[in-house]
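First the structure, in the form of structure tokens, and then the observations on it.
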Amino acid sequence: MVGLGRFGSSVSRSLERLGHEVLAVDERPDIVQKYASDFTHVVAADTTDTEALRQIGADQFDRAVVGIGTDIEASVLTVLSLVELGVEEVWAKAINAKHARILERVGATHVVRPESAMGERVAHMVTGAMIDYIEFDDGFSIARTRAPRVAFDQTLAEAALRSKYGITVVGVKRRGEDFTYARPETLVNASDELIVSGPTRKVEAFCALRA
């Protein structure tokens, strides 16, 4: 994990909680000292220097996450250094679309824009049409929404939501019960919540039926 700002430290904590070994790196000694007791391996290094990364063992990892945001030059050079070291998967944080394109061109295998993604997610939830929402880069989305009136008291087969609206119902949450996988014979009640997936525009349109 390169860069121990809010994003980087959060990712590092989550990875360690999941049982993964994390090498946390930041060029600022005060930040390294701050997190010295939080992570198993925390070191200070100039991550734009390929040889410095090699010396701390970065080339021994299959995956790396670059959480540097505000210093675009450092972000790009760090990704380039990790790619040169042969790290198979390099995840990088971008602060805008132009930054994301540059990271992709220098070899980042995955680029994330957390602020943009969270803004999109909150906007969809604020409308009242969705309870939760995740959008992927390829125009595909998953949403948690309240069952629309068009499906009340029908099985999923009878409601034919996929053929009518172009979405797939993945699961159903009934009040007081756990989520269950959706089946053709699953009956939809007025108080149910649905997990639906499909092309973003179709998911948005389907969820708006209830709003």
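How things are named: the first chain in the structure tokens is A, the next is B, and so on; residues count from 1 in each chain; ligands count from 1 in the order shown.
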(message) Among range 92-158 of chain A, which ones does DSSP assign to strand (DSSP E or B) (computed from the backbone)? Answer as a list in words.
(response) Ala92, Lys93, His110, Val111, Val112, Asp132, Tyr133, Ile134, Glu135, Phe140, Ser141, Ile142, Ala143, Arg144, Thr145, Arg146, Gln154 and Thr155 of chain A
(message) Would you pick out the contacts of Ser197 in chain A at 7 Å or less, using only C-alpha atoms, so that residues sharing its chain but fewer than 5 positions from it are not included, and give the list as a ChimeraX atom specification?
(response) /A:141-143,167-170,203
(message) So that I can see what lies close to range 12-22 of chain A, please list as number ranges by chain the residues with an atom at most 12 Å from it, counting only C-alpha atoms and leaving out residues fewer than 2 positions away in the same chain.
(response) A: 1-10, 24-25, 35, 37-43, 57-58, 60-67
Could you please take those selected residues and save N, CA, C and O atoms as a CSV table (one decimal), in the first residue's frame?
```
chain,number,residue,atom,x,y,z
A,1,MET,N,0.8,-1.2,0.0
A,1,MET,CA,0.0,0.0,0.0
A,1,MET,C,0.9,1.2,0.0
A,1,MET,O,1.7,1.4,0.9
A,2,VAL,N,0.8,2.0,-1.0
A,2,VAL,CA,1.6,3.2,-1.1
A,2,VAL,C,0.7,4.5,-0.9
A,2,VAL,O,-0.3,4.7,-1.6
A,3,GLY,N,1.1,5.3,0.1
A,3,GLY,CA,0.3,6.4,0.5
A,3,GLY,C,-0.6,6.1,1.6
A,3,GLY,O,-1.6,5.4,1.5
A,4,LEU,N,-0.4,6.8,2.8
A,4,LEU,CA,-1.2,6.5,4.0
A,4,LEU,C,-2.0,7.7,4.4
A,4,LEU,O,-2.1,8.0,5.5
A,5,GLY,N,-2.7,8.2,3.4
A,5,GLY,CA,-3.8,9.2,3.7
A,5,GLY,C,-5.0,8.5,4.2
A,5,GLY,O,-5.0,7.3,4.6
A,6,ARG,N,-6.1,9.1,4.1
A,6,ARG,CA,-7.4,8.5,4.6
A,6,ARG,C,-7.7,7.3,3.8
A,6,ARG,O,-8.1,6.2,4.3
A,7,PHE,N,-7.6,7.4,2.5
A,7,PHE,CA,-7.9,6.3,1.6
A,7,PHE,C,-6.9,5.1,1.8
A,7,PHE,O,-7.3,4.0,2.0
A,8,GLY,N,-5.7,5.4,1.8
A,8,GLY,CA,-4.6,4.4,1.9
A,8,GLY,C,-4.7,3.7,3.3
A,8,GLY,O,-4.6,2.4,3.3
A,9,SER,N,-4.8,4.4,4.3
A,9,SER,CA,-4.9,3.8,5.7
A,9,SER,C,-6.1,2.9,5.8
A,9,SER,O,-6.1,1.9,6.4
A,10,SER,N,-7.2,3.4,5.2
A,10,SER,CA,-8.5,2.6,5.3
A,10,SER,C,-8.4,1.3,4.6
A,10,SER,O,-8.7,0.2,5.0
A,24,ALA,N,3.0,-1.2,4.1
A,24,ALA,CA,2.5,0.2,4.0
A,24,ALA,C,3.7,1.1,3.9
A,24,ALA,O,4.6,1.1,4.6
A,25,VAL,N,3.6,2.0,2.8
A,25,VAL,CA,4.7,2.8,2.5
A,25,VAL,C,4.2,4.3,2.3
A,25,VAL,O,3.2,4.5,1.7
A,35,TYR,N,1.5,5.5,12.0
A,35,TYR,CA,0.9,4.2,11.8
A,35,TYR,C,1.8,3.0,12.1
A,35,TYR,O,1.5,1.8,11.8
A,37,SER,N,2.4,1.4,14.8
A,37,SER,CA,1.8,0.3,15.6
A,37,SER,C,0.5,-0.3,15.0
A,37,SER,O,0.0,-1.2,15.6
A,38,ASP,N,0.1,0.3,13.9
A,38,ASP,CA,-1.2,-0.1,13.3
A,38,ASP,C,-1.0,-1.3,12.3
A,38,ASP,O,-1.9,-2.1,12.2
A,39,PHE,N,0.1,-1.2,11.6
A,39,PHE,CA,0.3,-2.2,10.6
A,39,PHE,C,1.6,-3.0,10.8
A,39,PHE,O,2.5,-2.5,11.5
A,40,THR,N,1.6,-4.2,10.3
A,40,THR,CA,2.8,-5.1,10.6
A,40,THR,C,4.1,-4.5,10.0
A,40,THR,O,5.1,-4.5,10.6
A,41,HIS,N,4.0,-4.0,8.7
A,41,HIS,CA,5.2,-3.5,8.1
A,41,HIS,C,4.9,-2.0,7.6
A,41,HIS,O,4.0,-1.8,6.7
A,42,VAL,N,5.5,-1.1,8.1
A,42,VAL,CA,5.4,0.3,7.7
A,42,VAL,C,6.8,0.9,7.5
A,42,VAL,O,7.6,0.9,8.4
A,43,VAL,N,7.0,1.5,6.3
A,43,VAL,CA,8.3,2.0,6.0
A,43,VAL,C,8.2,3.4,5.3
A,43,VAL,O,7.2,3.7,4.6
A,57,GLY,N,11.4,-4.3,-0.9
A,57,GLY,CA,10.8,-5.5,-1.2
A,57,GLY,C,9.5,-5.4,-1.9
A,57,GLY,O,8.7,-6.4,-2.0
A,58,ALA,N,9.2,-4.3,-2.5
A,58,ALA,CA,7.9,-4.1,-3.3
A,58,ALA,C,7.8,-5.1,-4.4
A,58,ALA,O,6.7,-5.5,-4.8
A,60,GLN,N,8.4,-8.1,-4.4
A,60,GLN,CA,8.0,-9.4,-4.0
A,60,GLN,C,6.5,-9.6,-3.9
A,60,GLN,O,6.0,-10.6,-3.5
A,61,PHE,N,5.7,-8.5,-4.1
A,61,PHE,CA,4.3,-8.5,-4.0
A,61,PHE,C,3.6,-8.7,-5.3
A,61,PHE,O,4.1,-8.1,-6.3
A,62,ASP,N,2.5,-9.4,-5.4
A,62,ASP,CA,1.8,-9.6,-6.6
A,62,ASP,C,0.8,-8.4,-6.9
A,62,ASP,O,0.5,-8.1,-8.1
A,63,ARG,N,0.4,-7.7,-5.8
A,63,ARG,CA,-0.5,-6.6,-6.0
A,63,ARG,C,-0.1,-5.4,-5.2
A,63,ARG,O,0.5,-5.5,-4.1
A,64,ALA,N,-0.4,-4.2,-5.8
A,64,ALA,CA,0.0,-3.0,-5.1
A,64,ALA,C,-1.2,-2.0,-5.2
A,64,ALA,O,-1.9,-2.0,-6.3
A,65,VAL,N,-1.4,-1.2,-4.2
A,65,VAL,CA,-2.4,-0.1,-4.3
A,65,VAL,C,-1.7,1.2,-4.1
A,65,VAL,O,-1.0,1.4,-3.1
A,66,VAL,N,-1.9,2.1,-5.0
A,66,VAL,CA,-1.3,3.5,-4.9
A,66,VAL,C,-2.4,4.4,-4.5
A,66,VAL,O,-3.3,4.7,-5.3
A,67,GLY,N,-2.3,4.9,-3.3
A,67,GLY,CA,-3.4,5.8,-2.7
A,67,GLY,C,-3.0,7.2,-2.8
A,67,GLY,O,-3.6,8.1,-2.1
```
(message) Here is a test: counting only C-alpha atoms, which residue of A:Gly69, A:Pro148, A:Pro114, A:Gly166 is nearest to Ala129 in chain A?
(response)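 Nearest to Ala129 in chain A: A:Pro148.
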(request) Using only C-alpha atoms, determine which residues lie at most 12 Å from Ala52 in chain A, disregarding the query and same-chain residues fewer than 5 positions distant; provide the list as a PyMOL selection string. (result) chain A and resi 25-27+43-47+57-59+78+81-82+85
(message) I'd like to know which residues of range 76-133 of chain A are helix (DSSP H, G or I) (by DSSP, run on the backbone); could you write them as an MDAnalysis selection string?
(response) chainID A and resid 76:84 97:105 114:126
Dump as a PDB file, in the first residue's frame, selection limited to C-alpha atoms:
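What landed in out31.pdb:
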```pdb
ATOM      1  CA  VAL A  76       2.028   8.492 -11.891  1.00  0.00           C
ATOM      2  CA  LEU A  77       5.743   7.896 -11.237  1.00  0.00           C
ATOM      3  CA  THR A  78       4.946   5.448  -8.427  1.00  0.00           C
ATOM      4  CA  VAL A  79       2.644   3.422 -10.685  1.00  0.00           C
ATOM      5  CA  LEU A  80       5.310   3.442 -13.394  1.00  0.00           C
ATOM      6  CA  SER A  81       7.944   2.237 -10.899  1.00  0.00           C
ATOM      7  CA  LEU A  82       5.732  -0.605  -9.670  1.00  0.00           C
ATOM      8  CA  VAL A  83       5.021  -1.687 -13.243  1.00  0.00           C
ATOM      9  CA  GLU A  84       8.758  -1.641 -14.011  1.00  0.00           C
ATOM     10  CA  ALA A  97     -10.855  11.631 -15.191  1.00  0.00           C
ATOM     11  CA  LYS A  98      -7.640  13.025 -16.712  1.00  0.00           C
ATOM     12  CA  HIS A  99      -5.563  11.599 -13.869  1.00  0.00           C
ATOM     13  CA  ALA A 100      -7.299   8.244 -14.362  1.00  0.00           C
ATOM     14  CA  ARG A 101      -6.446   8.177 -18.079  1.00  0.00           C
ATOM     15  CA  ILE A 102      -2.784   8.917 -17.384  1.00  0.00           C
ATOM     16  CA  LEU A 103      -2.600   6.150 -14.771  1.00  0.00           C
ATOM     17  CA  GLU A 104      -4.088   3.671 -17.216  1.00  0.00           C
ATOM     18  CA  ARG A 105      -1.607   4.679 -19.915  1.00  0.00           C
ATOM     19  CA  PRO A 114     -13.472   6.908  -4.641  1.00  0.00           C
ATOM     20  CA  GLU A 115     -14.815  10.450  -4.274  1.00  0.00           C
ATOM     21  CA  SER A 116     -16.586  10.289  -7.627  1.00  0.00           C
ATOM     22  CA  ALA A 117     -17.971   6.803  -6.935  1.00  0.00           C
ATOM     23  CA  MET A 118     -19.268   7.813  -3.508  1.00  0.00           C
ATOM     24  CA  GLY A 119     -20.860  10.964  -4.925  1.00  0.00           C
ATOM     25  CA  GLU A 120     -22.646   8.898  -7.569  1.00  0.00           C
ATOM     26  CA  ARG A 121     -23.791   6.400  -4.968  1.00  0.00           C
ATOM     27  CA  VAL A 122     -25.152   9.037  -2.597  1.00  0.00           C
ATOM     28  CA  ALA A 123     -26.929  10.866  -5.426  1.00  0.00           C
ATOM     29  CA  HIS A 124     -28.811   7.716  -6.368  1.00  0.00           C
ATOM     30  CA  MET A 125     -29.766   7.054  -2.759  1.00  0.00           C
ATOM     31  CA  VAL A 126     -30.872  10.643  -2.074  1.00  0.00           C
TER      32      VAL A 126
END
```
(request) Would you kindly return, as a list in words, each protein, DNA or RNA residue with an atom no farther than 12 Å from any atom of Arg175 in chain A, considering only C-alpha atoms and excluding same-chain residues fewer than 4 positions away? (result)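 Final neighbour list, sorted by chain and number: Arg146, Phe179, Thr180, Val188, Asn189, Ala190, Ser191, Asp192, Glu193 and Leu194 of chain A.
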Only C-alpha atoms, please: the residues just picked out, written as an mmCIF file, in the first residue's frame.
```cif
data_model
loop_
_atom_site.group_PDB
_atom_site.id
_atom_site.type_symbol
_atom_site.label_atom_id
_atom_site.label_comp_id
_atom_site.auth_asym_id
_atom_site.auth_seq_id
_atom_site.Cartn_x
_atom_site.Cartn_y
_atom_site.Cartn_z
ATOM 1 C CA ARG A 146 -38.025 -1.440 -2.758
ATOM 2 C CA PHE A 179 -31.799 -12.253 1.936
ATOM 3 C CA THR A 180 -32.706 -15.163 -0.312
ATOM 4 C CA VAL A 188 -42.893 -10.530 -4.320
ATOM 5 C CA ASN A 189 -44.647 -8.786 -1.430
ATOM 6 C CA ALA A 190 -45.318 -5.070 -1.093
ATOM 7 C CA SER A 191 -42.773 -4.693 1.731
ATOM 8 C CA ASP A 192 -39.971 -6.611 0.003
ATOM 9 C CA GLU A 193 -36.635 -5.202 -1.037
ATOM 10 C CA LEU A 194 -34.995 -6.429 -4.237
#
```
